[in-house]
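Dropping entry.tsv in here (TSV, C-alpha atoms):
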chain	number	residue	atom	x	y	z
S	1	MET	CA	-14.98	4.17	14.75
S	2	LYS	CA	-16.37	0.65	14.44
S	3	LYS	CA	-15.20	-1.60	17.24
S	4	CYS	CA	-12.92	-4.22	15.78
S	5	LYS	CA	-10.67	-7.08	16.87
S	6	TYR	CA	-8.47	-6.95	13.77
S	7	ALA	CA	-7.09	-4.19	11.54
S	8	ILE	CA	-5.42	-4.38	8.15
S	9	PHE	CA	-3.36	-1.31	7.29
S	10	ASP	CA	-2.07	-0.21	3.93
S	11	MET	CA	1.42	1.29	4.23
S	12	ASP	CA	2.26	3.88	1.54
S	13	GLY	CA	0.05	6.95	1.86
S	14	THR	CA	-1.71	5.49	4.89
S	15	LEU	CA	0.94	4.91	7.54
S	16	ILE	CA	3.94	6.53	5.90
S	17	ASP	CA	4.32	9.69	3.85
S	18	SER	CA	5.78	8.05	0.76
S	19	MET	CA	3.43	8.49	-2.18
S	20	ILE	CA	5.53	11.27	-3.67
S	21	ILE	CA	8.28	8.78	-4.54
S	22	TRP	CA	5.82	6.46	-6.29
S	23	LYS	CA	4.24	9.24	-8.30
S	24	ASP	CA	6.58	9.00	-11.30
S	25	LEU	CA	8.52	5.85	-10.48
S	26	GLY	CA	7.33	3.96	-13.55
S	27	LYS	CA	8.18	6.91	-15.79
S	28	GLU	CA	11.62	7.18	-14.20
S	29	TYR	CA	12.28	3.47	-14.81
S	30	LEU	CA	11.26	3.75	-18.47
S	31	ARG	CA	13.32	6.94	-18.86
S	32	ILE	CA	16.41	5.07	-17.67
S	33	LYS	CA	15.60	2.44	-20.31
S	34	GLY	CA	15.36	5.16	-22.97
S	35	ILE	CA	11.60	4.85	-23.32
S	36	LYS	CA	9.15	7.75	-23.21
S	37	ALA	CA	6.24	6.86	-20.95
S	38	PRO	CA	2.61	7.71	-21.74
S	39	GLU	CA	1.00	10.46	-19.67
S	40	ASN	CA	-1.45	8.03	-18.06
S	41	LEU	CA	1.20	5.53	-16.92
S	42	ASN	CA	0.60	6.25	-13.22
S	43	GLU	CA	-3.08	5.40	-13.61
S	44	ILE	CA	-2.22	2.17	-15.44
S	45	LEU	CA	0.22	1.01	-12.75
S	46	SER	CA	-1.61	2.29	-9.66
S	47	ALA	CA	-3.52	-0.90	-8.82
S	48	MET	CA	-0.79	-3.34	-9.88
S	49	SER	CA	1.60	-5.32	-7.71
S	50	MET	CA	5.31	-4.96	-8.45
S	51	THR	CA	5.23	-8.27	-10.33
S	52	GLU	CA	2.26	-7.18	-12.42
S	53	SER	CA	3.96	-3.85	-13.21
S	54	SER	CA	7.12	-5.65	-14.30
S	55	GLU	CA	5.16	-8.00	-16.52
S	56	TYR	CA	3.39	-4.98	-18.00
S	57	PHE	CA	6.75	-3.36	-18.86
S	58	ARG	CA	7.95	-6.58	-20.50
S	59	LYS	CA	4.81	-7.07	-22.56
S	60	THR	CA	4.08	-3.45	-23.49
S	61	TYR	CA	7.59	-2.12	-24.08
S	62	GLY	CA	9.44	-5.29	-25.07
S	63	ILE	CA	11.89	-5.06	-22.19
S	64	GLY	CA	13.96	-8.22	-22.29
S	65	ASP	CA	14.90	-8.34	-18.61
S	66	SER	CA	13.28	-10.88	-16.32
S	67	VAL	CA	10.54	-9.83	-13.94
S	68	GLU	CA	13.00	-10.30	-11.07
S	69	LYS	CA	15.58	-8.02	-12.74
S	70	ILE	CA	12.98	-5.30	-13.40
S	71	ILE	CA	11.82	-5.43	-9.78
S	72	SER	CA	15.43	-5.22	-8.62
S	73	ASP	CA	16.10	-2.19	-10.85
S	74	ILE	CA	12.99	-0.41	-9.59
S	75	ASN	CA	13.91	-1.17	-5.99
S	76	LYS	CA	17.32	0.42	-6.52
S	77	ILE	CA	15.64	3.68	-7.56
S	78	ILE	CA	13.63	3.92	-4.34
S	79	GLU	CA	15.45	1.94	-1.66
S	80	SER	CA	17.59	4.80	-0.34
S	81	LYS	CA	14.45	6.88	0.25
S	82	TYR	CA	12.89	4.06	2.28
S	83	LYS	CA	16.10	3.57	4.22
S	84	TYR	CA	16.79	7.20	5.06
S	85	GLU	CA	14.12	9.74	4.07
S	86	ILE	CA	10.49	8.61	4.39
S	87	GLU	CA	8.70	9.53	7.61
S	88	LEU	CA	5.50	8.50	9.40
S	89	LYS	CA	2.31	10.40	8.80
S	90	ASN	CA	1.12	12.47	11.74
S	91	ASN	CA	0.01	10.64	14.91
S	92	VAL	CA	0.42	7.16	13.42
S	93	ARG	CA	2.45	5.79	16.33
S	94	GLU	CA	-0.02	7.13	18.87
S	95	TYR	CA	-2.96	5.67	16.95
S	96	LEU	CA	-1.36	2.23	16.69
S	97	SER	CA	-0.50	2.33	20.38
S	98	HIS	CA	-4.14	3.14	21.15
S	99	LEU	CA	-5.38	0.16	19.11
S	100	LYS	CA	-2.80	-2.18	20.64
S	101	ALA	CA	-3.88	-1.12	24.13
S	102	LYS	CA	-7.42	-2.13	23.18
S	103	GLY	CA	-6.19	-5.59	22.14
S	104	VAL	CA	-6.59	-5.10	18.38
S	105	THR	CA	-4.48	-7.47	16.27
S	106	MET	CA	-2.92	-5.56	13.36
S	107	CYS	CA	-1.08	-6.30	10.13
S	108	VAL	CA	0.12	-4.45	7.03
S	109	THR	CA	-0.67	-5.25	3.40
S	110	THR	CA	1.37	-3.42	0.80
S	111	ALA	CA	2.45	-3.43	-2.84
S	112	THR	CA	5.94	-2.38	-1.74
S	113	PRO	CA	8.50	-5.22	-1.75
S	114	LEU	CA	8.63	-6.95	1.62
S	115	GLU	CA	12.27	-6.14	2.39
S	116	LEU	CA	11.72	-2.41	1.87
S	117	ALA	CA	8.44	-2.45	3.81
S	118	ASN	CA	9.88	-4.26	6.82
S	119	GLY	CA	12.95	-2.03	6.75
S	120	VAL	CA	11.10	1.29	6.76
S	121	LEU	CA	8.57	0.20	9.39
S	122	LYS	CA	11.40	-1.00	11.63
S	123	ARG	CA	13.38	2.23	11.14
S	124	LEU	CA	10.31	4.27	12.02
S	125	GLY	CA	9.70	2.23	15.15
S	126	ILE	CA	6.28	0.75	14.38
S	127	LEU	CA	7.03	-2.72	13.01
S	128	ASN	CA	6.45	-4.29	16.43
S	129	TYR	CA	2.81	-3.17	16.40
S	130	PHE	CA	2.02	-5.62	13.59
S	131	SER	CA	1.68	-9.40	13.60
S	132	PHE	CA	3.14	-9.48	10.10
S	133	VAL	CA	3.64	-7.51	6.90
S	134	ALA	CA	2.23	-9.04	3.70
S	135	CYS	CA	3.22	-8.02	0.19
S	136	CYS	CA	0.90	-8.18	-2.83
S	137	ASP	CA	3.54	-10.19	-4.69
S	138	GLU	CA	2.94	-13.02	-2.19
S	139	VAL	CA	-0.53	-13.51	-3.68
S	140	GLY	CA	0.35	-12.43	-7.22
S	141	TYR	CA	-2.15	-9.57	-7.54
S	142	GLY	CA	-2.49	-5.92	-6.61
S	143	LYS	CA	-5.32	-4.45	-4.60
S	144	ASN	CA	-7.63	-4.30	-7.57
S	145	ARG	CA	-8.44	-7.85	-6.40
S	146	PRO	CA	-9.23	-8.89	-2.80
S	147	ASP	CA	-6.65	-11.70	-2.61
S	148	ILE	CA	-4.21	-9.81	-0.35
S	149	PHE	CA	-6.99	-8.89	2.09
S	150	TYR	CA	-8.24	-12.47	2.28
S	151	TYR	CA	-4.65	-13.63	2.71
S	152	ALA	CA	-4.20	-11.29	5.67
S	153	LEU	CA	-7.51	-12.40	7.13
S	154	GLU	CA	-6.43	-16.04	6.98
S	155	LYS	CA	-3.03	-15.34	8.54
S	156	MET	CA	-4.63	-13.47	11.42
S	157	LYS	CA	-7.27	-16.20	11.76
S	158	ALA	CA	-9.77	-13.36	11.79
S	159	ASP	CA	-13.45	-13.08	10.99
S	160	ILE	CA	-14.22	-10.52	8.30
S	161	LYS	CA	-17.01	-8.97	10.36
S	162	ASP	CA	-14.48	-8.15	13.10
S	163	THR	CA	-11.91	-6.63	10.73
S	164	VAL	CA	-11.29	-3.07	9.53
S	165	VAL	CA	-9.23	-2.12	6.47
S	166	TYR	CA	-7.40	1.23	6.35
S	167	GLU	CA	-6.49	2.51	2.88
S	168	ASP	CA	-5.80	5.79	1.11
S	169	ALA	CA	-6.43	4.66	-2.48
S	170	ASP	CA	-9.88	4.58	-4.03
S	171	TYR	CA	-9.45	1.31	-5.94
S	172	ALA	CA	-8.17	-0.50	-2.80
S	173	LEU	CA	-11.04	0.79	-0.67
S	174	GLU	CA	-13.53	-0.24	-3.33
S	175	THR	CA	-12.01	-3.73	-3.52
S	176	ALA	CA	-12.01	-4.20	0.25
S	177	LYS	CA	-15.55	-2.93	0.70
S	178	LYS	CA	-16.93	-5.10	-2.09
S	179	ALA	CA	-15.18	-8.06	-0.47
S	180	GLY	CA	-17.15	-7.42	2.70
S	181	PHE	CA	-14.70	-5.53	4.89
S	182	TYR	CA	-15.49	-2.45	6.95
S	183	THR	CA	-13.32	0.25	5.38
S	184	ILE	CA	-11.74	3.45	6.66
S	185	GLY	CA	-10.40	5.89	4.08
S	186	VAL	CA	-7.30	7.85	5.09
S	187	TYR	CA	-6.58	11.20	3.49
S	188	ASP	CA	-3.36	11.53	1.52
S	189	GLU	CA	-2.34	14.51	-0.56
S	190	SER	CA	-1.65	12.26	-3.55
S	191	ALA	CA	-5.37	11.43	-3.71
S	192	ALA	CA	-6.69	14.91	-2.86
S	193	LYS	CA	-8.49	15.21	-6.20
S	194	SER	CA	-10.40	12.00	-5.46
S	195	LYS	CA	-11.28	12.93	-1.88
S	196	GLU	CA	-15.06	13.15	-2.34
S	197	GLU	CA	-15.15	9.97	-4.39
S	198	ILE	CA	-13.12	8.17	-1.72
S	199	LYS	CA	-15.47	9.40	1.00
S	200	ASN	CA	-18.36	7.81	-0.87
S	201	LEU	CA	-16.48	4.53	-1.28
S	202	CYS	CA	-15.64	3.82	2.35
S	203	ASN	CA	-17.60	3.32	5.56
S	204	GLU	CA	-15.62	6.01	7.40
S	205	TYR	CA	-13.14	8.67	6.33
S	206	ILE	CA	-10.43	10.36	8.40
S	207	GLU	CA	-8.34	13.41	7.53
S	208	SER	CA	-5.51	12.16	9.76
S	209	PHE	CA	-4.85	9.83	12.67
Translate this file's structure into structure tokens.
Amino acid sequence: MKKCKYAIFDMDGTLIDSMIIWKDLGKEYLRIKGIKAPENLNEILSAMSMTESSEYFRKTYGIGDSVEKIISDINKIIESKYKYEIELKNNVREYLSHLKAKGVTMCVTTATPLELANGVLKRLGILNYFSFVACCDEVGYGKNRPDIFYYALEKMKADIKDTVVYEDADYALETAKKAGFYTIGVYDESAAKSKEEIKNLCNEYIESF
């Protein structure tokens, strides 16, 4: 692996085994609202922040609730799973401990709302490895734009050439690499069909930690 002083980790699908609950979350929300979702909804929402997804629901389906109310309703669907069910991916704690011992400064960037992210990382015993957790809603965009990565870089007072980004999603890896980061793709079952494409997108690829 490239020697680095700083590391930016994605959370869902990278550190924690949670992608299964996101798979049909948008469809479940629309179902509760009495709306039949299109088959490609997951693809549409995949790169969006929670705020962007909520705005999409308002604009596309005429949902009259505020963005804040939509986010709150979506959080209610998933919060119990973050609080009680989701587990770490294999060897994550050991890997983070290894990096910390080498003096690497680490943070998390995620599309998951900050309260849920902090809660699950604390419950799983790894929150203390990170300088901070940053949510895409803090910058207003999902990982189809590099804003969240630059935001993390600034907060860590890091140089991009000394920083590695760990991600499981193809669009996020592509964004980070184009922005100039060294990228490490992490295998997740949710992206198994895109495995070869992801390998070609990133500087390094790992099957697990």
What are the nearest atom pairs, with distances in Å to one decimal, for all residues of region 65-182 of chain S that come at most 12 Å from region 186-198 of chain S, using only C-alpha atoms, set out by chain and rising residue number as a tab-separated table?
residue	atom	partner	partner_atom	distance
S:Lys89	CA	S:Asp188	CA	9.3
S:Asn90	CA	S:Asp188	CA	11.2
S:Val92	CA	S:Val186	CA	11.4
S:Val165	CA	S:Val186	CA	10.2
S:Tyr166	CA	S:Val186	CA	6.7
S:Glu167	CA	S:Val186	CA	5.8
S:Asp168	CA	S:Val186	CA	4.7
S:Ala169	CA	S:Ala191	CA	7.0
S:Asp170	CA	S:Ile198	CA	5.4
S:Tyr171	CA	S:Ile198	CA	8.9
S:Ala172	CA	S:Ile198	CA	10.0
S:Leu173	CA	S:Ile198	CA	7.7
S:Glu174	CA	S:Ile198	CA	8.6
S:Lys177	CA	S:Ile198	CA	11.6
Go ahead and save the residues from that selection, with C-alpha atoms, as a compact mmCIF listing (two decimals), keeping the file's coordinate frame.
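That gives us again.txt:
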# COMPACT_ATOMS: atom_id res chain seq x y z
CA LYS S 89 2.31 10.40 8.80
CA ASN S 90 1.12 12.47 11.74
CA VAL S 92 0.42 7.16 13.42
CA VAL S 165 -9.23 -2.12 6.47
CA TYR S 166 -7.40 1.23 6.35
CA GLU S 167 -6.49 2.51 2.88
CA ASP S 168 -5.80 5.79 1.11
CA ALA S 169 -6.43 4.66 -2.48
CA ASP S 170 -9.88 4.58 -4.03
CA TYR S 171 -9.45 1.31 -5.94
CA ALA S 172 -8.17 -0.50 -2.80
CA LEU S 173 -11.04 0.79 -0.67
CA GLU S 174 -13.53 -0.24 -3.33
CA LYS S 177 -15.55 -2.93 0.70
### Residue nearest Cys135 (chain S) among S:Tyr151, S:Thr60, S:Ser66, S:Arg31 (counting all atoms listed in the file)
S:Tyr151
Non-local contacts of Lys199 (chain S) (8 Å; all atoms listed in the file; under 5 positions in same chain excluded) as a PDB file with C-alpha atoms, in the frame of the given file:
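Wrote it out as out-v1.pdb, contents follow:
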ATOM      1  CA  GLY S 185     -10.400   5.890   4.080  1.00  0.00           C
ATOM      2  CA  GLU S 204     -15.620   6.010   7.400  1.00  0.00           C
ATOM      3  CA  TYR S 205     -13.140   8.670   6.330  1.00  0.00           C
TER       4      TYR S 205
END
### Message
Neighbouring residues of region 70-84 of chain S were defined as those with any atom within 7 Å, considering all atoms listed in the file; residues of the same chain fewer than 6 positions away were excluded. Please report them as number ranges by chain.
### Response
S: 29, 50, 54, 116, 119-120
### Task
Extract, using all atoms listed in the file, all DNA, RNA and protein residues at most 12 Å from Lys100 (chain S), discarding same-chain residues fewer than 6 positions from it, and format them as a count of residues only.
13
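A distance cut-off of 12 Å around (-7.4, -15.2, 12.2), counting only C-alpha atoms, selects these protein and nucleic acid residues: Lys5, Tyr6, Ala7, Ile8, Val104, Thr105, Met106, Cys107, Ser131, Phe149, Tyr150, Tyr151, Ala152, Leu153, Glu154, Lys155, Met156, Lys157, Ala158, Asp159, Ile160, Lys161, Asp162 and Thr163 of chain S.
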### Message
Using all atoms listed in the file for the distances, tell me which of S:Leu88, S:Cys136, S:Ala37, S:Leu127 is nearest to Thr51 (chain S).
### Response
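Of all the options, S:Cys136 lies closest to Thr51 (chain S).
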### Query
With distances taken over all atoms listed in the file, which of S:Ile86, S:Leu45, S:Val139, S:Ile32 is nearest to Leu124 (chain S)?
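Of all the options, S:Ile86 lies closest to Leu124 (chain S).
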### Summary
Shortest contact to Lys102 (chain S), candidates S:Glu115, S:Glu39, S:Lys3, S:Gly13, atoms counted all atoms listed in the file, goes to S:Lys3
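Nearest to Glu28 (chain S) of all the residues S:Arg58, S:Asp65, S:Leu41, S:Ile16 is S:Leu41, based on all atoms listed in the file.
Across the model, the gap from CA of Tyr56 (chain S) to CA of Cys202 (chain S) is 29.2 Å.
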Can you rebuild region 160-171 of chain S with all heavy atoms and give it as a compact mmCIF listing (two decimals), in the coordinates of the input?
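The new file selection.txt reads:
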# COMPACT_ATOMS: atom_id res chain seq x y z
N ILE S 160 -14.10 -11.75 9.07
CA ILE S 160 -14.22 -10.52 8.30
C ILE S 160 -15.11 -9.48 8.98
O ILE S 160 -14.86 -8.27 8.88
CB ILE S 160 -14.73 -10.83 6.86
CG1 ILE S 160 -14.47 -9.64 5.93
CG2 ILE S 160 -16.19 -11.23 6.88
CD1 ILE S 160 -14.68 -9.96 4.47
N LYS S 161 -16.10 -9.92 9.71
CA LYS S 161 -17.01 -8.97 10.36
C LYS S 161 -16.35 -8.25 11.54
O LYS S 161 -16.86 -7.22 12.01
CB LYS S 161 -18.28 -9.68 10.83
CG LYS S 161 -18.10 -10.69 11.94
CD LYS S 161 -19.43 -11.31 12.33
CE LYS S 161 -19.28 -12.43 13.33
NZ LYS S 161 -18.60 -12.05 14.57
N ASP S 162 -15.20 -8.77 11.98
CA ASP S 162 -14.48 -8.15 13.10
C ASP S 162 -13.24 -7.38 12.62
O ASP S 162 -12.40 -7.00 13.43
CB ASP S 162 -14.01 -9.22 14.09
CG ASP S 162 -15.18 -9.95 14.74
OD1 ASP S 162 -16.19 -9.30 15.03
OD2 ASP S 162 -15.06 -11.18 14.94
N THR S 163 -13.14 -7.17 11.31
CA THR S 163 -11.91 -6.63 10.73
C THR S 163 -12.15 -5.32 9.99
O THR S 163 -13.11 -5.19 9.24
CB THR S 163 -11.29 -7.66 9.76
OG1 THR S 163 -11.13 -8.91 10.44
CG2 THR S 163 -9.94 -7.19 9.25
N VAL S 164 -11.24 -4.38 10.20
CA VAL S 164 -11.29 -3.07 9.53
C VAL S 164 -10.08 -2.94 8.60
O VAL S 164 -8.97 -3.34 8.96
CB VAL S 164 -11.29 -1.92 10.55
CG1 VAL S 164 -11.15 -0.57 9.86
CG2 VAL S 164 -12.56 -1.95 11.38
N VAL S 165 -10.30 -2.38 7.43
CA VAL S 165 -9.23 -2.12 6.47
C VAL S 165 -9.03 -0.62 6.35
O VAL S 165 -9.98 0.13 6.09
CB VAL S 165 -9.56 -2.72 5.08
CG1 VAL S 165 -8.54 -2.27 4.04
CG2 VAL S 165 -9.61 -4.24 5.16
N TYR S 166 -7.78 -0.18 6.50
CA TYR S 166 -7.40 1.23 6.35
C TYR S 166 -6.63 1.40 5.04
O TYR S 166 -5.60 0.75 4.83
CB TYR S 166 -6.48 1.68 7.49
CG TYR S 166 -7.12 1.73 8.86
CD1 TYR S 166 -7.31 0.56 9.61
CD2 TYR S 166 -7.50 2.94 9.42
CE1 TYR S 166 -7.87 0.61 10.88
CE2 TYR S 166 -8.06 3.00 10.70
CZ TYR S 166 -8.24 1.83 11.41
OH TYR S 166 -8.79 1.88 12.67
N GLU S 167 -7.12 2.28 4.18
CA GLU S 167 -6.49 2.51 2.88
C GLU S 167 -6.63 3.97 2.47
O GLU S 167 -7.58 4.64 2.87
CB GLU S 167 -7.16 1.65 1.80
CG GLU S 167 -6.80 0.17 1.82
CD GLU S 167 -5.50 -0.14 1.12
OE1 GLU S 167 -4.92 0.78 0.50
OE2 GLU S 167 -5.06 -1.30 1.18
N ASP S 168 -5.69 4.43 1.64
CA ASP S 168 -5.80 5.79 1.11
C ASP S 168 -6.25 5.82 -0.34
O ASP S 168 -6.70 6.85 -0.82
CB ASP S 168 -4.44 6.51 1.22
CG ASP S 168 -3.39 5.88 0.32
OD1 ASP S 168 -3.08 4.69 0.48
OD2 ASP S 168 -2.85 6.58 -0.57
N ALA S 169 -6.14 4.70 -1.04
CA ALA S 169 -6.43 4.66 -2.48
C ALA S 169 -7.85 4.22 -2.77
O ALA S 169 -8.36 3.27 -2.16
CB ALA S 169 -5.45 3.73 -3.19
N ASP S 170 -8.49 4.88 -3.72
CA ASP S 170 -9.88 4.58 -4.03
C ASP S 170 -10.11 3.15 -4.49
O ASP S 170 -11.03 2.48 -4.03
CB ASP S 170 -10.43 5.58 -5.06
CG ASP S 170 -9.56 5.72 -6.30
OD1 ASP S 170 -8.54 5.00 -6.43
OD2 ASP S 170 -9.90 6.56 -7.16
N TYR S 171 -9.24 2.66 -5.39
CA TYR S 171 -9.45 1.31 -5.94
C TYR S 171 -9.31 0.25 -4.84
O TYR S 171 -10.03 -0.75 -4.82
CB TYR S 171 -8.48 1.02 -7.09
CG TYR S 171 -7.03 0.97 -6.67
CD1 TYR S 171 -6.44 -0.20 -6.24
CD2 TYR S 171 -6.24 2.12 -6.70
CE1 TYR S 171 -5.11 -0.24 -5.85
CE2 TYR S 171 -4.92 2.09 -6.30
CZ TYR S 171 -4.36 0.91 -5.88
OH TYR S 171 -3.05 0.88 -5.48
